[in-house]
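> The structure follows.
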Amino acid sequence: MAANVRNETALPHKHIKVFEKDLFLYRKVSSTNRVAQSLARSGIIEGTIVLSSMQTSGMGRMKRKWECPAGRGILMSMIFKPEISLKLVPQLTLLCGVVAAETIRKITGCQADIKWPNDIVIGGKKVCGILAQSCFSNNELSYVVMGVGINVNQTRDQLPPDCRETSTSLKLEVGHKVSRLRLLEVFIMLWNEYYALFLKRGHSFLKPKWKAYNVTLGREVSINSGDGLRHGLAIDISERGGLIVNFPDGLSEEFLAEDLSLGRAHYG
Ligand code: ATP
């Protein structure tokens, strides 16, 4: 696998710059996150973006898959080496959600919302997934790879069969083809602005923006813990980007993204 990844990184189809960011374009990779991780380890500069027309093993959280037919979506991974406190790292996923939701709103006029922690939904249907992967060494952050998959021009038949009813694409929502290049440009422009503000102001910058777009707070959520299914009310996000849930016994608990999946039932 490592050899494949090195091979892929050696052969981008094109290298372009968009708003000062280096974009490595590939026709086909195993996963843009894998290629980006390999580039990050080889010392590539912060902010580099890997983009591919297709992935043969696109990744979601918890070993789930991200599927998208060639050329129909945006499949990209950004590489960062931010000098931030470790507790801010999980919030980069939430920041990326804000940028993705706002980009989709600007380009399509559709109300794109954030479902904690990493999904963007339109009318409850998933249109974008985000997968952040961090690498630490000696308790210090070496790099973060932020993978973003956006369903852009899929027809209904081209959405994954197991989630066809619970997902959508921008084309399906607006009724016509959407420019992936324009979407990418707006995404990068917004990311540059918001990332810089997040590095300066941290949680106090992120929280109000995230709250404005989120559709999770105020909802009942089901938590699948070792003792069975528990139901509670999502009431806030924490400084670590965790979800704070209030249970009927009056106690509140914080859940981190890596421990919890809200499933699709609440939003279908
Ligand atoms: P869920 O979507 O159930 O809340 P999650 O947020 O943990 O789960 P992700 O890591 O964002 O999941 O993405 C993986 C999941 O998304 C897979 O389980 C799959 O069912 C679904 N999926 C895969 N490809 C797509 C796609 N193109 N559009 C929408 N959903 C997809």
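Every chain in the structure tokens takes a letter, A first, then B, and so on in the order presented; its residues are numbered from 1, and the ligands are numbered from 1 following the presented order.
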Enumerate residues in contact with ligand 1: an atom-to-atom distance of at most 8 Å, counting only C-alpha atoms and all ligand atoms. Format the result as a PyMOL selection string.
chain A and resi 59-68+117-119+125-131+149-151+159-160+162-164+166-169+260-264
> Any chance you could tabulate, as a tab-separated table, the residues of range 107-223 of chain A at most 12 Å from range 31-46 of chain A with each one's nearest atom pair and distance in Å to one decimal, using only C-alpha atoms, in chain and rising number order?

```
residue	atom	partner	partner_atom	distance
A:Ile130	CA	A:Asn33	CA	10.6
A:Leu131	CA	A:Asn33	CA	8.3
A:Ala132	CA	A:Asn33	CA	8.5
A:Gln133	CA	A:Asn33	CA	8.0
A:Ser134	CA	A:Gln37	CA	9.0
A:Cys135	CA	A:Gln37	CA	8.8
A:Phe136	CA	A:Arg41	CA	11.3
A:Ser137	CA	A:Arg41	CA	11.6
A:Leu141	CA	A:Ala40	CA	12.0
A:Ser142	CA	A:Arg41	CA	8.5
A:Tyr143	CA	A:Ala40	CA	6.8
A:Val144	CA	A:Gln37	CA	8.2
A:Val145	CA	A:Asn33	CA	6.4
A:Met146	CA	A:Asn33	CA	7.2
A:Gly147	CA	A:Asn33	CA	5.7
A:Val148	CA	A:Asn33	CA	9.0
A:Gly149	CA	A:Thr32	CA	9.7
A:Asn192	CA	A:Glu46	CA	11.9
```
> My list of candidates is A:Leu23, A:Leu92, A:Val29, A:Ile84. Which is closest to Thr56 in chain A when distances are computed with only C-alpha atoms?
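Among the listed residues, the smallest separation from Thr56 in chain A belongs to A:Val29.
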> Could you tell me which of A:Gln154, A:Asp249, A:Gly124, A:Gly175 comes closest to Thr216 in chain A if we count only C-alpha atoms?
A:Gly124
> Among range 102-182 of chain A, which residues carry a DSSP assignment of strand (DSSP E), reported as a PyMOL selection string?
chain A and resi 112-115+119-122+125-137+140-151
> Could you please take those selected residues and save C-alpha atoms as a tab-separated table (two decimals), in the first residue's frame?

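Written output follows (selection32.tsv):
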```
chain	number	residue	atom	x	y	z
A	112	ALA	CA	-26.97	23.65	3.26
A	113	ASP	CA	-26.79	22.79	6.96
A	114	ILE	CA	-24.24	21.12	9.20
A	115	LYS	CA	-25.05	17.87	10.95
A	119	ASP	CA	-21.89	16.02	7.34
A	120	ILE	CA	-23.45	18.73	5.23
A	121	VAL	CA	-27.10	18.13	4.45
A	122	ILE	CA	-29.69	19.81	2.26
A	125	LYS	CA	-30.07	14.66	2.83
A	126	LYS	CA	-26.33	14.30	2.89
A	127	VAL	CA	-24.49	16.18	0.16
A	128	CYS	CA	-20.97	16.39	1.62
A	129	GLY	CA	-18.82	14.43	4.04
A	130	ILE	CA	-15.63	15.53	5.78
A	131	LEU	CA	-12.88	13.32	7.15
A	132	ALA	CA	-10.02	14.85	9.14
A	133	GLN	CA	-7.01	12.69	9.94
A	134	SER	CA	-4.27	13.97	12.22
A	135	CYS	CA	-0.77	12.72	12.81
A	136	PHE	CA	1.05	13.39	16.07
A	137	SER	CA	4.61	12.75	17.06
A	140	GLU	CA	2.97	17.39	18.93
A	141	LEU	CA	0.85	17.79	15.85
A	142	SER	CA	2.79	16.88	12.71
A	143	TYR	CA	0.02	17.48	10.20
A	144	VAL	CA	-3.71	17.35	9.57
A	145	VAL	CA	-5.26	16.07	6.38
A	146	MET	CA	-8.79	17.29	5.78
A	147	GLY	CA	-10.72	15.25	3.23
A	148	VAL	CA	-13.85	16.70	1.66
A	149	GLY	CA	-16.27	14.87	-0.62
A	150	ILE	CA	-19.07	16.89	-2.22
A	151	ASN	CA	-21.79	15.35	-4.37
```
> So that I can check the surroundings of Tyr195 in chain A, please list as a PDB file with N, CA and C atoms, in the first residue's frame every protein, DNA and RNA residue that reaches within 10 Å of it, counting only C-alpha atoms and ignoring chain neighbours fewer than 2 positions away.

```pdb
ATOM      1  N   PRO A  82      -0.761  23.259  11.290  1.00  0.00           N
ATOM      2  CA  PRO A  82      -1.009  24.458  12.092  1.00  0.00           C
ATOM      3  C   PRO A  82      -0.332  24.391  13.455  1.00  0.00           C
ATOM      4  N   LEU A  92     -11.100  21.730  13.638  1.00  0.00           N
ATOM      5  CA  LEU A  92     -10.852  21.987  12.215  1.00  0.00           C
ATOM      6  C   LEU A  92     -11.925  21.318  11.359  1.00  0.00           C
ATOM      7  N   LEU A  95     -14.801  23.646  11.426  1.00  0.00           N
ATOM      8  CA  LEU A  95     -14.502  24.810  10.586  1.00  0.00           C
ATOM      9  C   LEU A  95     -14.706  24.462   9.115  1.00  0.00           C
ATOM     10  N   CYS A  96     -14.266  23.282   8.745  1.00  0.00           N
ATOM     11  CA  CYS A  96     -14.415  22.843   7.354  1.00  0.00           C
ATOM     12  C   CYS A  96     -15.902  22.706   7.004  1.00  0.00           C
ATOM     13  N   VAL A  99     -17.230  26.117   6.213  1.00  0.00           N
ATOM     14  CA  VAL A  99     -16.805  26.569   4.882  1.00  0.00           C
ATOM     15  C   VAL A  99     -17.588  25.828   3.791  1.00  0.00           C
ATOM     16  N   LEU A 190     -12.984  31.008   0.768  1.00  0.00           N
ATOM     17  CA  LEU A 190     -13.577  31.073   2.113  1.00  0.00           C
ATOM     18  C   LEU A 190     -12.686  30.392   3.147  1.00  0.00           C
ATOM     19  N   TRP A 191     -12.139  29.243   2.747  1.00  0.00           N
ATOM     20  CA  TRP A 191     -11.262  28.524   3.683  1.00  0.00           C
ATOM     21  C   TRP A 191     -10.081  29.418   4.075  1.00  0.00           C
ATOM     22  N   ASN A 192      -9.444  30.063   3.090  1.00  0.00           N
ATOM     23  CA  ASN A 192      -8.286  30.917   3.394  1.00  0.00           C
ATOM     24  C   ASN A 192      -8.655  31.968   4.435  1.00  0.00           C
ATOM     25  N   GLU A 193      -9.830  32.573   4.243  1.00  0.00           N
ATOM     26  CA  GLU A 193     -10.253  33.643   5.154  1.00  0.00           C
ATOM     27  C   GLU A 193     -10.571  33.094   6.557  1.00  0.00           C
ATOM     28  N   LEU A 197      -8.701  33.391  10.411  1.00  0.00           N
ATOM     29  CA  LEU A 197      -9.413  33.943  11.576  1.00  0.00           C
ATOM     30  C   LEU A 197      -9.470  32.923  12.713  1.00  0.00           C
ATOM     31  N   PHE A 198      -9.619  31.656  12.359  1.00  0.00           N
ATOM     32  CA  PHE A 198      -9.656  30.604  13.381  1.00  0.00           C
ATOM     33  C   PHE A 198      -8.294  30.509  14.091  1.00  0.00           C
ATOM     34  N   LEU A 199      -7.216  30.618  13.321  1.00  0.00           N
ATOM     35  CA  LEU A 199      -5.886  30.544  13.950  1.00  0.00           C
ATOM     36  C   LEU A 199      -5.691  31.700  14.933  1.00  0.00           C
ATOM     37  N   LYS A 200      -6.292  32.861  14.619  1.00  0.00           N
ATOM     38  CA  LYS A 200      -6.158  34.024  15.514  1.00  0.00           C
ATOM     39  C   LYS A 200      -7.088  33.936  16.707  1.00  0.00           C
ATOM     40  N   ARG A 201      -8.358  33.539  16.458  1.00  0.00           N
ATOM     41  CA  ARG A 201      -9.377  33.695  17.510  1.00  0.00           C
ATOM     42  C   ARG A 201      -9.966  32.388  18.029  1.00  0.00           C
ATOM     43  N   GLY A 202      -9.621  31.268  17.402  1.00  0.00           N
ATOM     44  CA  GLY A 202     -10.024  29.955  17.899  1.00  0.00           C
ATOM     45  C   GLY A 202     -11.527  29.767  18.004  1.00  0.00           C
ATOM     46  N   PHE A 205     -14.248  32.408  17.387  1.00  0.00           N
ATOM     47  CA  PHE A 205     -14.596  32.716  15.999  1.00  0.00           C
ATOM     48  C   PHE A 205     -15.520  31.631  15.430  1.00  0.00           C
ATOM     49  N   LEU A 206     -15.157  30.386  15.716  1.00  0.00           N
ATOM     50  CA  LEU A 206     -15.865  29.262  15.096  1.00  0.00           C
ATOM     51  C   LEU A 206     -17.298  29.074  15.610  1.00  0.00           C
TER      52      LEU A 206
END
```
> Please measure the separation of CA of Phe247 in chain A and CA of Gly226 in chain A, giving the value in Å to one decimal.
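Taking CA of Phe247 in chain A as the start and CA of Gly226 in chain A as the end point, the length is 16.1 Å.
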> So the first atom is CA of Thr103 in chain A and the second is CA of Val50 in chain A; what is the distance between them in Å, to one decimal place?
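Going from CA of Thr103 in chain A over to CA of Val50 in chain A covers 18.6 Å.
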> Write out as a short mmCIF file (atom, residue, chain, number, x, y, z; two decimals) with C-alpha atoms, in the first residue's frame each polymer residue whose atoms come within 12 Å of Ile16 in chain A, counting only C-alpha atoms; drop sequence neighbours fewer than 4 positions from it.

```cif
data_model
loop_
_atom_site.label_atom_id
_atom_site.label_comp_id
_atom_site.auth_asym_id
_atom_site.auth_seq_id
_atom_site.Cartn_x
_atom_site.Cartn_y
_atom_site.Cartn_z
CA PRO A 12 -0.24 14.11 -10.47
CA GLU A 20 -2.01 30.89 -4.00
CA LYS A 21 -2.71 27.29 -3.02
CA ASP A 22 -0.90 24.44 -4.79
CA LEU A 23 -3.40 22.02 -6.27
CA PHE A 24 -2.21 18.57 -7.33
CA LEU A 25 -4.74 17.10 -9.74
CA TYR A 26 -5.01 13.35 -10.18
CA THR A 48 -1.35 22.00 -0.51
CA ILE A 49 -4.51 20.42 -1.90
CA VAL A 50 -4.89 17.01 -3.54
CA LEU A 51 -7.81 16.68 -5.92
#
```
> My list of candidates is A:Val245, A:Leu233, A:Ala257, A:Val178. Which is closest to Ile104 in chain A when distances are computed with only C-alpha atoms?
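Once distances to Ile104 in chain A are computed over only C-alpha atoms, the minimum belongs to A:Val178.
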> Mind listing the alpha helix (DSSP H) residues of range 8-72 of chain A, per DSSP on the backbone, as a count of residues only?
13
> Taking only C-alpha atoms into account, name the residue in A:Phe80, A:Leu86, A:Arg72, A:Ser252 that is nearest to Arg156 in chain A.
A:Arg72
> Near Asn246 in chain A, counting only C-alpha atoms, which residues have an atom at most 10 Å away, once you skip same-chain residues fewer than 6 positions from it, shown as a ChimeraX atom specification?
/A:220-221,231-236,252-254
